[in-house]
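See structure below.
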Amino acid sequence: MEDTLLLDAIERYRNSEMSPQEITFFEELRKNNPEIDQLVVEHTAFLQQLEKHSEIKAFKESLHNTEHQLIENGTISIDNTKGKSTVVYLWTRYRKIIGIAAAIAGIVSISTATLVSRYSSQRQVKEEVQPLVDTKLSAVDRRLKQLETQINIASNQSQTTPSKPKFEANFRATGFLIDGKGFLITNAHVVDNARNIIVENRKGDQFFAKAIYADKTTDLAILKIVDTSFKRITTLPYTFSKNTSDLGEHIYTLGYPREDIVYSEGYLSAQSGYYGDTTSYQVNMSVNPGNSGGPVINKNGEVIGIISSKETNADGVVFAIKSKSIYQALKDINDSISIKLPTVNTLKNLDRMQQIPRLEEYVYMVKGN
Amino acid sequence: MSTESERALLEGLARHDASAIDTIYKENYSTIQAFIVKNNGFPEDARDIFQEAMIVLFEKAKSGSFVLSCQIKTYLYSVCRRLWLKRLQQYNKIYPSFELMEETVAVEEEIESHEKINQDFNLMEEALMKLGEPCKGILHAYYVEKKSMPEIAEAFGYTNADNAKTQKYKCLMRLKKIFFAQYKNGQ
């Protein structure tokens, strides 16, 4: 208790909130008690440190905002990589790697081909891995939905806005924007056999979407929002990692295991997936049906993977497709559709609590029937 | 640019004035990016380095010794050049002989003290992470947002300001302990 009083006194002394008598008393106390004096010095230094920290933090925040604005309105160009000098630089930087890569390309392409086919045939046979789509919207849930719909229809009858498409969804998963023009990525197993697909953002705006690409081997699908009410987004805050991430890296995801967006965090536990599948990671987090298609994000705000499935008979064993595969998928897509992945990461240097609100509006619920 | 307006910019910077930051960015960023891209870097590196340099300039502006011995432009360029050289060395990359685009000034001291500040910043950041909620929130509300004790008591659900105050001191003591423990480990 005395400590608290003393700390209080130190702070009031620093902020010059003391009366002249108090100041004299306080200074007298310091002079006569070396221990107290020591504590005052120490605590003052610490407070300075704390204030400095919050000041720099606030300054960084304003720098960030300015930068973001300037990028958004095009004052700062981000495409300087087109210059000739950069190409030369890239060449010199990667020349060695390209050489080695070319030499072993033959061997690798053969061995991965067998691996993938083995993997995919196994997946069809075994049921140990569970895709994370929530197909079990329960009977009660459905009844509730029906009621809700009826109420909505009843209350909407007077209004002229036939805004939201209404139909009964029988699956729910997650997807997120890879291009502000309205392209989302999710899992192929999510939109498998879906007749209608609807995506819904955090605010509850719903848009019709259609799958323009789905590959069962990589389990990736790309959706395009076809609704005219969708407004294109100029910049996305995250980027997609081309490298393989390290074991133990801290990661998190956002997804829709229920009707509201849910955050979950964990770490990277293996650089390969189910049965040594090299196109996936094994991660440890708590995810549930509905999380499929959600982004796996590292502390720099880079997307390193996409949640796809979890092992049913083991806890916390979740598989995520490496983000590298997205680049491959984009190559496979017809050239007539131009999808550009974001190149500027504005989440770097922010802590998680600041990253999430900047991110969540780009993570969508994918549902349909 | 006249020395008068440079001075105003620095004063604005010290106050976190958004328009001052905006102006400095607009006037200097493209030069720095061109420089870094030309010397083995990417635009992302340029943004990183430029931010660092802005913090160095901010420290300078705040220290009260407002009078820069040179223009902001020269100063930022010198700092960025130095920081970028250091980073290239760290990554063990062969760095090209820099073409000097313009004169530079000596900034060694500032960069050294900036590194110290950076270190302390990271230590405190880590300590705050370890501290967790609600302590982190309470300290933030008090020391950063400068909220009063009754306001904090209400926001965090304490019955009265005195309770909140006791809690605040407990949090502060814990933070201090974590911070100094890390500090000693780091030395």
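How things are named: the first chain in the structure tokens is A, the next is B, and so on; residues count from 1 in each chain; ligands count from 1 in the order shown.
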Inset, instruction - List every residue of region 44-170 of chain B that DSSP, applied to the backbone of this structure, assigns to alpha helix (DSSP H), and report them as a PyMOL selection string. - result: chain B and resi 44-62+72-90+108-131+135-139+149-156+161-170
Listing only residues of region 95-160 of chain B within 10 Å of region 35-53 of chain A, what is the closest atom pair and its distance in Å (to one decimal) for each, using only C-alpha atoms, sorted by chain and residue number ascending, as JSON lines?
{"residue": "B:Ile117", "atom": "CA", "partner": "A:Lys52", "partner_atom": "CA", "distance": 8.8}
{"residue": "B:Asn118", "atom": "CA", "partner": "A:His53", "partner_atom": "CA", "distance": 9.3}
{"residue": "B:Asp120", "atom": "CA", "partner": "A:Gln49", "partner_atom": "CA", "distance": 7.6}
{"residue": "B:Phe121", "atom": "CA", "partner": "A:His53", "partner_atom": "CA", "distance": 5.6}
{"residue": "B:Asn122", "atom": "CA", "partner": "A:His53", "partner_atom": "CA", "distance": 8.7}
{"residue": "B:Leu123", "atom": "CA", "partner": "A:His53", "partner_atom": "CA", "distance": 9.6}
{"residue": "B:Met124", "atom": "CA", "partner": "A:His53", "partner_atom": "CA", "distance": 7.0}
{"residue": "B:Glu125", "atom": "CA", "partner": "A:His53", "partner_atom": "CA", "distance": 7.9}
{"residue": "B:Leu128", "atom": "CA", "partner": "A:Leu50", "partner_atom": "CA", "distance": 9.9}
{"residue": "B:Leu139", "atom": "CA", "partner": "A:Leu50", "partner_atom": "CA", "distance": 9.6}
{"residue": "B:His140", "atom": "CA", "partner": "A:Leu50", "partner_atom": "CA", "distance": 9.8}
{"residue": "B:Tyr143", "atom": "CA", "partner": "A:Glu51", "partner_atom": "CA", "distance": 7.0}
{"residue": "B:Val144", "atom": "CA", "partner": "A:Glu51", "partner_atom": "CA", "distance": 7.5}
Legend entry - Residues near Ser62 (chain A), cut-off 9 Å, only C-alpha atoms, skip fewer than 6 positions along chain, as number ranges by chain: B: 16-18, 21
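Between chain A and the candidates B:Thr159, B:Thr31, B:Thr166, B:Gln71, the tightest atom-to-atom separation, counting only C-alpha atoms, involves B:Thr166.
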Inset, instruction - Can you list, as a PyMOL selection string, all residues belonging to region 218-263 of chain A that DSSP tags as strand (DSSP E or B)? - result: chain A and resi 220-225+239-240+250-255+262-263
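Take the candidates A:Phe25, A:Tyr13, A:Tyr263, A:Phe59 and check each one against chain B using only C-alpha atoms; the shortest distance goes to A:Phe59.
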Inset, instruction - For CA of Glu72 (chain A) and CA of Arg7 (chain B), determine how far apart the two atoms are, in Å to one decimal place. - result: 28.5 Å
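Among the candidates A:Lys231, A:Lys348, A:Arg14, A:Arg258, the residue lying nearest to chain B is A:Lys348 (atoms considered: only C-alpha atoms).
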Legend entry - Distance query Tyr29 (chain B) at most 12 Å, only C-alpha atoms, self and fewer than 2 positions along chain excluded, as number ranges by chain: A: 66-67, 70-71, 75-78; B: 21-27, 31-36, 43, 46-51, 53-54, 72-73, 76-77, 80
Inset, instruction - For CA of Gly294 (chain A) and CA of Lys130 (chain B), determine how far apart the two atoms are, in Å to one decimal place. - result: 27.6 Å
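Shortest separation to chain A among B:Ala181, B:Cys70, B:Ala155, B:Met173 occurs at residue B:Met173, atoms counted being only C-alpha atoms.
CA of Ala8 (chain B) to CA of Glu110 (chain B) spans 21.3 Å [interatomic distance, one decimal].
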Legend entry - Non-local contacts of Tyr364 (chain A) (7 Å; only C-alpha atoms; under 3 positions in same chain excluded) as a PyMOL selection string: chain A and resi 174-176+199-202
Written selection (C-alpha atoms) as a PDB file, in the first residue's frame:
ATOM      1  CA  THR A 174     -15.321 -19.078 -45.614  1.00  0.00           C
ATOM      2  CA  GLY A 175     -13.623 -17.282 -48.468  1.00  0.00           C
ATOM      3  CA  PHE A 176     -11.639 -14.089 -48.839  1.00  0.00           C
ATOM      4  CA  VAL A 199     -21.083 -14.595 -50.320  1.00  0.00           C
ATOM      5  CA  GLU A 200     -21.737 -12.367 -47.360  1.00  0.00           C
ATOM      6  CA  ASN A 201     -19.367  -9.885 -45.764  1.00  0.00           C
ATOM      7  CA  ARG A 202     -18.994  -8.843 -42.158  1.00  0.00           C
TER       8      ARG A 202
END
